[in-house]
>>> print(open('query_37.pdb').read())   # PDB, C-alpha atoms
ATOM      1  CA  MET A  14      62.812 103.534  93.991
ATOM      2  CA  PRO A  15      66.187 104.956  92.848
ATOM      3  CA  PHE A  16      68.291 106.530  95.577
ATOM      4  CA  ASP A  17      71.299 108.731  94.970
ATOM      5  CA  THR A  18      70.884 111.293  97.739
ATOM      6  CA  TYR A  19      71.134 111.054 101.501
ATOM      7  CA  SER A  20      67.414 111.582 102.039
ATOM      8  CA  SER A  21      66.403 108.994  99.429
ATOM      9  CA  LEU A  22      68.880 106.526 100.974
ATOM     10  CA  LEU A  23      67.224 106.948 104.375
ATOM     11  CA  THR A  24      63.839 106.384 102.726
ATOM     12  CA  SER A  25      65.059 103.142 101.147
ATOM     13  CA  ILE A  26      66.458 101.955 104.482
ATOM     14  CA  ASP A  27      63.098 102.682 106.074
ATOM     15  CA  ASN A  28      61.275 100.732 103.373
ATOM     16  CA  TYR A  29      63.551  97.705 103.723
ATOM     17  CA  LEU A  30      63.147  97.692 107.498
ATOM     18  CA  GLY A  31      59.371  98.014 107.275
ATOM     19  CA  GLN A  32      58.935 101.595 108.514
ATOM     20  CA  ARG A  33      60.276 100.823 111.976
ATOM     21  CA  VAL A  34      59.380 104.102 113.656
ATOM     22  CA  GLU A  35      61.489 103.370 116.722
ATOM     23  CA  LEU A  36      64.584 102.927 114.517
ATOM     24  CA  GLN A  37      64.152 105.939 112.262
ATOM     25  CA  PRO A  38      66.115 108.347 114.530
ATOM     26  CA  ILE A  39      69.202 106.114 114.289
ATOM     27  CA  TYR A  40      69.170 105.488 110.524
ATOM     28  CA  PRO A  41      71.944 108.123 110.199
ATOM     29  CA  ASP A  42      74.017 106.016 112.614
ATOM     30  CA  PHE A  43      73.540 102.980 110.386
ATOM     31  CA  VAL A  44      74.791 104.973 107.381
ATOM     32  CA  TYR A  45      77.804 106.265 109.327
ATOM     33  CA  LEU A  46      78.738 102.754 110.489
ATOM     34  CA  ALA A  47      78.309 101.452 106.946
ATOM     35  CA  GLU A  48      80.806 104.064 105.774
ATOM     36  CA  GLN A  49      83.309 102.881 108.400
ATOM     37  CA  ARG A  50      82.877  99.328 107.115
ATOM     38  CA  MET A  51      83.471 100.564 103.563
ATOM     39  CA  TYR A  52      86.659 102.374 104.621
ATOM     40  CA  ARG A  53      87.976  99.004 105.798
ATOM     41  CA  ASP A  54      86.770  96.819 102.942
ATOM     42  CA  VAL A  55      86.308  98.871  99.760
ATOM     43  CA  ARG A  56      89.052 100.073  97.426
ATOM     44  CA  ALA A  57      87.181 101.726  94.562
ATOM     45  CA  ARG A  58      88.766 103.870  91.866
ATOM     46  CA  GLU A  59      86.623 106.792  93.070
ATOM     47  CA  MET A  60      88.623 106.682  96.317
ATOM     48  CA  ILE A  61      92.019 107.227  94.658
ATOM     49  CA  ARG A  62      93.680 110.560  95.419
ATOM     50  CA  ARG A  63      97.030 112.200  94.663
ATOM     51  CA  ALA A  64      99.019 114.586  96.845
ATOM     52  CA  VAL A  65     102.398 116.314  96.363
ATOM     53  CA  ALA A  66     104.422 117.864  99.171
ATOM     54  CA  LEU A  67     107.905 119.069 100.030
ATOM     55  CA  LEU A  68     110.240 116.305 101.161
ATOM     56  CA  ASN A  69     112.253 118.053 103.833
ATOM     57  CA  GLU A  70     112.666 115.348 106.442
ATOM     58  CA  THR A  71     113.069 111.593 106.764
ATOM     59  CA  TRP A  72     109.660 111.495 108.457
ATOM     60  CA  GLU A  73     106.713 113.228 106.795
ATOM     61  CA  TRP A  74     102.975 113.258 107.514
ATOM     62  CA  LEU A  75     100.486 111.255 105.489
ATOM     63  CA  PRO A  76      97.381 112.994 104.084
ATOM     64  CA  PHE A  77      94.603 113.435 106.648
ATOM     65  CA  ASP A  78      92.213 111.197 104.665
ATOM     66  CA  PHE A  79      94.738 108.413 104.011
ATOM     67  CA  LEU A  80      93.563 104.787 103.999
ATOM     68  CA  GLN A  81      96.015 102.748 101.906
ATOM     69  CA  MET A  82      99.020 103.460  99.731
ATOM     70  CA  ARG A  83      99.193 102.684  96.024
ATOM     71  CA  ARG A  84     102.565 104.206  95.148
ATOM     72  CA  VAL A  85     105.120 106.786  96.250
ATOM     73  CA  THR A  86     107.448 108.711  93.929
ATOM     74  CA  VAL A  87     110.050 111.420  94.549
ATOM     75  CA  ARG A  88     111.591 114.197  92.475
ATOM     76  CA  ASP A  89     114.755 116.106  93.284
ATOM     77  CA  GLY A  90     113.326 119.396  92.047
ATOM     78  CA  SER A  91     113.538 121.261  88.759
ATOM     79  CA  THR A  92     116.824 122.586  87.400
ATOM     80  CA  GLY A  93     116.392 125.521  85.048
ATOM     81  CA  ASN A  94     113.751 124.491  82.537
ATOM     82  CA  ILE A  95     114.332 120.775  83.048
ATOM     83  CA  GLN A  96     112.098 118.794  85.406
ATOM     84  CA  PRO A  97     113.777 115.472  86.299
ATOM     85  CA  GLY A  98     111.612 112.384  86.050
ATOM     86  CA  PRO A  99     110.030 110.843  89.142
ATOM     87  CA  ILE A 100     111.669 107.956  91.004
ATOM     88  CA  ARG A 101     109.292 105.290  92.282
ATOM     89  CA  LEU A 102     110.127 104.096  95.790
ATOM     90  CA  THR A 103     110.030 100.554  97.143
ATOM     91  CA  GLY A 104     107.566  99.917  99.957
ATOM     92  CA  MET A 105     108.969  98.102 102.986
ATOM     93  CA  SER A 106     108.035  97.188 106.511
ATOM     94  CA  THR A 107     109.620  99.239 109.290
ATOM     95  CA  GLY A 108     111.961  96.361 110.125
ATOM     96  CA  GLN A 109     113.072  95.984 106.519
ATOM     97  CA  LEU A 110     113.713  99.717 106.191
ATOM     98  CA  GLU A 111     115.801  99.837 109.351
ATOM     99  CA  ALA A 112     117.775  96.729 108.400
ATOM    100  CA  SER A 113     118.461  98.014 104.890
ATOM    101  CA  TYR A 114     119.582 101.534 105.788
ATOM    102  CA  ALA A 115     120.729 101.438 109.418
ATOM    103  CA  ASN A 116     124.384 102.149 108.628
ATOM    104  CA  GLN A 117     123.993 104.126 105.430
ATOM    105  CA  ALA A 118     124.962 107.780 105.177
ATOM    106  CA  GLN A 119     122.413 110.482 104.526
ATOM    107  CA  SER A 120     121.266 110.753 100.944
ATOM    108  CA  PRO A 121     119.764 113.551  98.831
ATOM    109  CA  LEU A 122     117.020 111.173  97.658
ATOM    110  CA  PRO A 123     115.320 108.184  99.289
ATOM    111  CA  GLU A 124     115.075 104.719  97.776
ATOM    112  CA  ALA A 125     112.314 103.213  99.898
ATOM    113  CA  TYR A 126     109.614 104.021 102.421
ATOM    114  CA  ALA A 127     107.653 102.486 105.274
ATOM    115  CA  LEU A 128     104.395 103.541 106.898
ATOM    116  CA  GLU A 129     104.387 104.119 110.643
ATOM    117  CA  GLY A 130     101.197 105.355 112.253
ATOM    118  CA  LEU A 131     100.154 108.584 110.583
ATOM    119  CA  GLN A 132     103.554 109.185 109.012
ATOM    120  CA  ILE A 133     105.672 107.965 106.121
ATOM    121  CA  ARG A 134     109.326 107.225 106.811
ATOM    122  CA  PHE A 135     111.942 107.346 104.074
ATOM    123  CA  GLY A 136     115.187 105.442 103.750
ATOM    124  CA  PRO A 137     117.998 106.152 103.797
ATOM    125  CA  ASP A 138     117.879 109.219 106.044
ATOM    126  CA  LEU A 139     117.736 112.409 103.998
ATOM    127  CA  SER A 140     120.244 115.202 103.758
ATOM    128  CA  THR A 141     119.110 118.730 104.582
ATOM    129  CA  GLN A 142     117.131 120.695 102.009
ATOM    130  CA  THR A 143     117.013 124.475 102.206
ATOM    131  CA  VAL A 144     113.597 125.870 101.292
ATOM    132  CA  PRO A 145     112.604 129.540 101.618
ATOM    133  CA  SER A 146     109.726 130.248 103.964
ATOM    134  CA  GLY A 147     106.275 130.643 102.474
ATOM    135  CA  VAL A 148     106.819 128.250  99.564
ATOM    136  CA  VAL A 149     103.525 127.122  98.039
ATOM    137  CA  ASP A 150     104.680 125.176  94.977
ATOM    138  CA  PRO A 151     106.874 122.217  96.022
ATOM    139  CA  THR A 152     107.996 121.235  92.518
ATOM    140  CA  PRO A 153     111.170 123.397  92.341
ATOM    141  CA  TYR A 154     112.439 121.544  95.411
ATOM    142  CA  ARG A 155     112.817 117.953  96.537
ATOM    143  CA  ASN A 156     109.261 116.640  96.807
ATOM    144  CA  PHE A 157     107.287 113.451  97.029
ATOM    145  CA  GLU A 158     104.003 112.355  95.513
ATOM    146  CA  VAL A 159     101.638 109.807  97.026
ATOM    147  CA  VAL A 160      98.808 108.112  95.168
ATOM    148  CA  TYR A 161      96.539 106.526  97.728
ATOM    149  CA  TYR A 162      93.077 105.363  98.675
ATOM    150  CA  ALA A 163      91.324 108.065 100.677
ATOM    151  CA  ARG A 164      88.323 108.308 102.941
ATOM    152  CA  PHE A 165      85.366 109.642 100.992
ATOM    153  CA  PRO A 166      83.222 112.454 102.451
ATOM    154  CA  HIS A 167      80.680 111.493 105.105
ATOM    155  CA  LEU A 168      77.085 111.658 103.904
ATOM    156  CA  ASN A 169      74.810 113.999 105.818
ATOM    157  CA  ALA A 170      71.711 116.076 105.228
ATOM    158  CA  THR A 171      73.340 119.471 105.859
ATOM    159  CA  ASP A 172      76.409 119.901 103.655
ATOM    160  CA  MET A 173      77.015 116.533 101.941
ATOM    161  CA  PRO A 174      73.683 115.103 100.717
ATOM    162  CA  VAL A 175      75.304 113.598  97.592
ATOM    163  CA  THR A 176      78.734 112.046  97.009
ATOM    164  CA  PRO A 177      80.352 110.356  93.996
ATOM    165  CA  MET A 178      80.565 107.126  96.003
ATOM    166  CA  LEU A 179      76.831 107.084  96.709
ATOM    167  CA  GLN A 180      76.028 107.818  93.087
ATOM    168  CA  ALA A 181      78.394 105.102  91.854
ATOM    169  CA  TYR A 182      77.644 102.414  94.447
ATOM    170  CA  PRO A 183      74.263 102.995  96.120
ATOM    171  CA  GLU A 184      73.963  99.288  96.933
ATOM    172  CA  LEU A 185      76.980  99.499  99.245
ATOM    173  CA  PHE A 186      75.382 102.223 101.333
ATOM    174  CA  LEU A 187      71.986 100.535 101.454
ATOM    175  CA  TYR A 188      73.081  97.014 102.322
ATOM    176  CA  GLY A 189      75.877  98.264 104.543
ATOM    177  CA  ALA A 190      73.353 100.277 106.572
ATOM    178  CA  LEU A 191      70.962  97.320 106.736
ATOM    179  CA  ILE A 192      73.761  95.113 108.079
ATOM    180  CA  GLU A 193      74.403  97.656 110.853
ATOM    181  CA  ALA A 194      70.744  97.310 111.887
ATOM    182  CA  GLU A 195      71.434  93.680 112.856
ATOM    183  CA  PRO A 196      71.371  94.226 116.667
ATOM    184  CA  TYR A 197      67.787  95.480 116.334
ATOM    185  CA  LEU A 198      66.581  92.644 114.080
ATOM    186  CA  VAL A 199      65.920  89.388 115.910
ATOM    187  CA  ASN A 200      66.384  86.250 113.787
ATOM    188  CA  ASP A 201      65.799  88.151 110.559
ATOM    189  CA  GLU A 202      66.634  85.791 107.691
ATOM    190  CA  ARG A 203      67.202  88.735 105.351
ATOM    191  CA  LEU A 204      70.485  89.560 107.081
ATOM    192  CA  VAL A 205      72.257  86.672 105.340
ATOM    193  CA  VAL A 206      71.044  87.976 101.976
ATOM    194  CA  TRP A 207      72.076  91.564 102.748
ATOM    195  CA  LYS A 208      75.543  90.511 103.850
ATOM    196  CA  GLY A 209      75.953  88.378 100.750
ATOM    197  CA  VAL A 210      74.955  91.207  98.418
ATOM    198  CA  PHE A 211      77.279  93.631 100.215
ATOM    199  CA  ASP A 212      80.237  91.247 100.087
ATOM    200  CA  ASP A 213      79.646  90.475  96.396
ATOM    201  CA  ALA A 214      79.522  94.194  95.586
ATOM    202  CA  VAL A 215      82.767  94.845  97.487
ATOM    203  CA  GLU A 216      84.538  92.031  95.668
ATOM    204  CA  SER A 217      83.340  93.268  92.278
ATOM    205  CA  ILE A 218      84.334  96.890  92.948
ATOM    206  CA  ASN A 219      87.771  95.977  94.269
ATOM    207  CA  ARG A 220      88.383  93.641  91.344
ATOM    208  CA  ALA A 221      87.478  96.417  88.888
ATOM    209  CA  ALA A 222      89.940  98.808  90.573
ATOM    210  CA  ASP A 223      92.692  96.164  90.477
ATOM    211  CA  PHE A 224      92.003  95.485  86.804
ATOM    212  CA  GLN A 225      92.185  99.192  85.992
ATOM    213  CA  ALA A 226      95.533  99.488  87.791
ATOM    214  CA  SER A 227      97.006  96.397  86.099
ATOM    215  CA  SER A 228      95.751  97.512  82.672
ATOM    216  CA  ALA A 229      97.383 100.922  83.109
ATOM    217  CA  LEU A 230     100.644  99.208  84.093
ATOM    218  CA  VAL A 231     100.612  96.966  81.020
ATOM    219  CA  MET A 232      99.849  99.907  78.715
ATOM    220  CA  GLY A 233     102.649 101.910  80.304
ATOM    221  CA  MET A 234     105.073  99.071  79.548
ATOM    222  CA  GLY A 235     104.051  99.160  75.922
ATOM    223  CA  SER A 236     102.619  95.646  75.833
ATOM    224  CA  VAL A 237      99.248  96.841  74.630
ATOM    225  CA  PRO A 238      98.964  98.946  71.474
TER     226      PRO A 238
END
>>> encode(input="query_37.pdb", output="structure tokens")
Amino acid sequence: MPFDTYSSLLTSIDNYLGQRVELQPIYPDFVYLAEQRMYRDVRAREMIRRAVALLNETWEWLPFDFLQMRRVTVRDGSTGNIQPGPIRLTGMSTGQLEASYANQAQSPLPEAYALEGLQIRFGPDLSTQTVPSGVVDPTPYRNFEVVYYARFPHLNATDMPVTPMLQAYPELFLYGALIEAEPYLVNDERLVVWKGVFDDAVESINRAADFQASSALVMGMGSVP
């Protein structure tokens, strides 16, 4: 039976587990835990997001749904009718950033970044930028853009019964939820199969996202007509 909604996913889980009445109340927990596993393991193109914000300080906050960085670029703001091109920053560890820019003077634009906790740190330290209060559009001022892998919305029956991730990769949700049922399944030989199918799907999805990224890079360099 096809499943591309939250309710049909729960029905499929129930069918695979043999209508275990005592487990039915915690099927939503299995789905939630499967999503946490996917946040750790899956990097699908449907998870890629873009955000632009003012770059006022050396330390700025990452997006609330951030999982993993793909790239960071900065712009120094528009001048008249000319919008300067973006500058792509080099990603570093915290130690590398500190060693590279410890004694360098403040700069109007960063050259590199490092991730620390829930924040992104730029190097070298940035000079002050004056921005009027109430600014909504960051593009006339120094700003940065992050392209990143984001947490996808949590499936639930009330306000998120369908998501693009479920529609694109239903097998991840099904087999991920079945794996989370492991503590309740004693010596069930199907667990090895479920884990294998889940891992194969993750590998295939991540490989497709990597291929898309590398293909875009090659096309951008002009190597592909």
>>> resolve_selection(input="query_37.pdb", expression="the PyMOL selection byres ((chain A and resi 154) around 8)", output="list of chain:residue names")
A:Leu67, A:Arg88, A:Asp89, A:Gly90, A:Ser91, A:Val144, A:Pro151, A:Thr152, A:Pro153, A:Arg155, A:Asn156
>>> resolve_selection(input="query_37.pdb", expression="the PyMOL selection byres ((chain A and resi 54) around 12)", output="ChimeraX atom specification")
/A:47-53,55-57,80-81,162,164,185,189,211-219
>>> resolve_selection(input="query_37.pdb", expression="the PyMOL selection byres ((chain A and resi 14-31) around 6)", output="NGL selection string")
:A and (32-33 or 174-175 or 180)
>>> write_last_selection(input="query_37.pdb", atoms="C-alpha atoms", output="compact mmCIF listing (two decimals), in the frame of the given file")
# COMPACT_ATOMS: atom_id res chain seq x y z
CA GLN A 32 58.94 101.60 108.51
CA ARG A 33 60.28 100.82 111.98
CA PRO A 174 73.68 115.10 100.72
CA VAL A 175 75.30 113.60 97.59
CA GLN A 180 76.03 107.82 93.09
>>> closest_residue(input="query_37.pdb", among="A:Glu70, A:Val210, A:Tyr161, A:Ala112", to="A:Asp138", atoms="only C-alpha atoms")
A:Glu70
>>> closest_residue(input="query_37.pdb", among="A:Leu36, A:Ile192, A:Ala222, A:Met173", to="A:Arg83", atoms="all atoms listed in the file")
A:Ala222
>>> axis_aligned_box(input="query_37.pdb", around="stretch 27-45 of chain A", padding_each_side="8 Å", output="lines of an AutoDock Vina configuration file")
center_x = 68.4
center_y = 103.0
center_z = 110.0
size_x = 34.9
size_y = 26.7
size_z = 29.3
>>> atom_distance(input="query_37.pdb", atom1="atom CA of A:Glu193", atom2="atom CA of A:Met178")
18.7 Å
>>> atom_distance(input="query_37.pdb", atom1="atom CA of A:Gly147", atom2="atom CA of A:Met82")
28.3 Å
>>> residues_near_point(input="query_37.pdb", point="(102.4, 108.5, 92.2)", cutoff="9 Å", atoms="all atoms listed in the file", output="PyMOL selection string")
chain A and resi 63-65+83-87+99+101+157-161
>>> atom_distance(input="query_37.pdb", atom1="atom CA of A:Trp74", atom2="atom CA of A:Asn116")
24.1 Å
>>> closest_residue(input="query_37.pdb", among="A:Leu139, A:Leu102, A:Leu110, A:Ala181", to="A:Glu124", atoms="all atoms listed in the file")
A:Leu102
>>> closest_residue(input="query_37.pdb", among="A:Val44, A:Ala118, A:Val199, A:Ala221", to="A:His167", atoms="all atoms listed in the file")
A:Val44
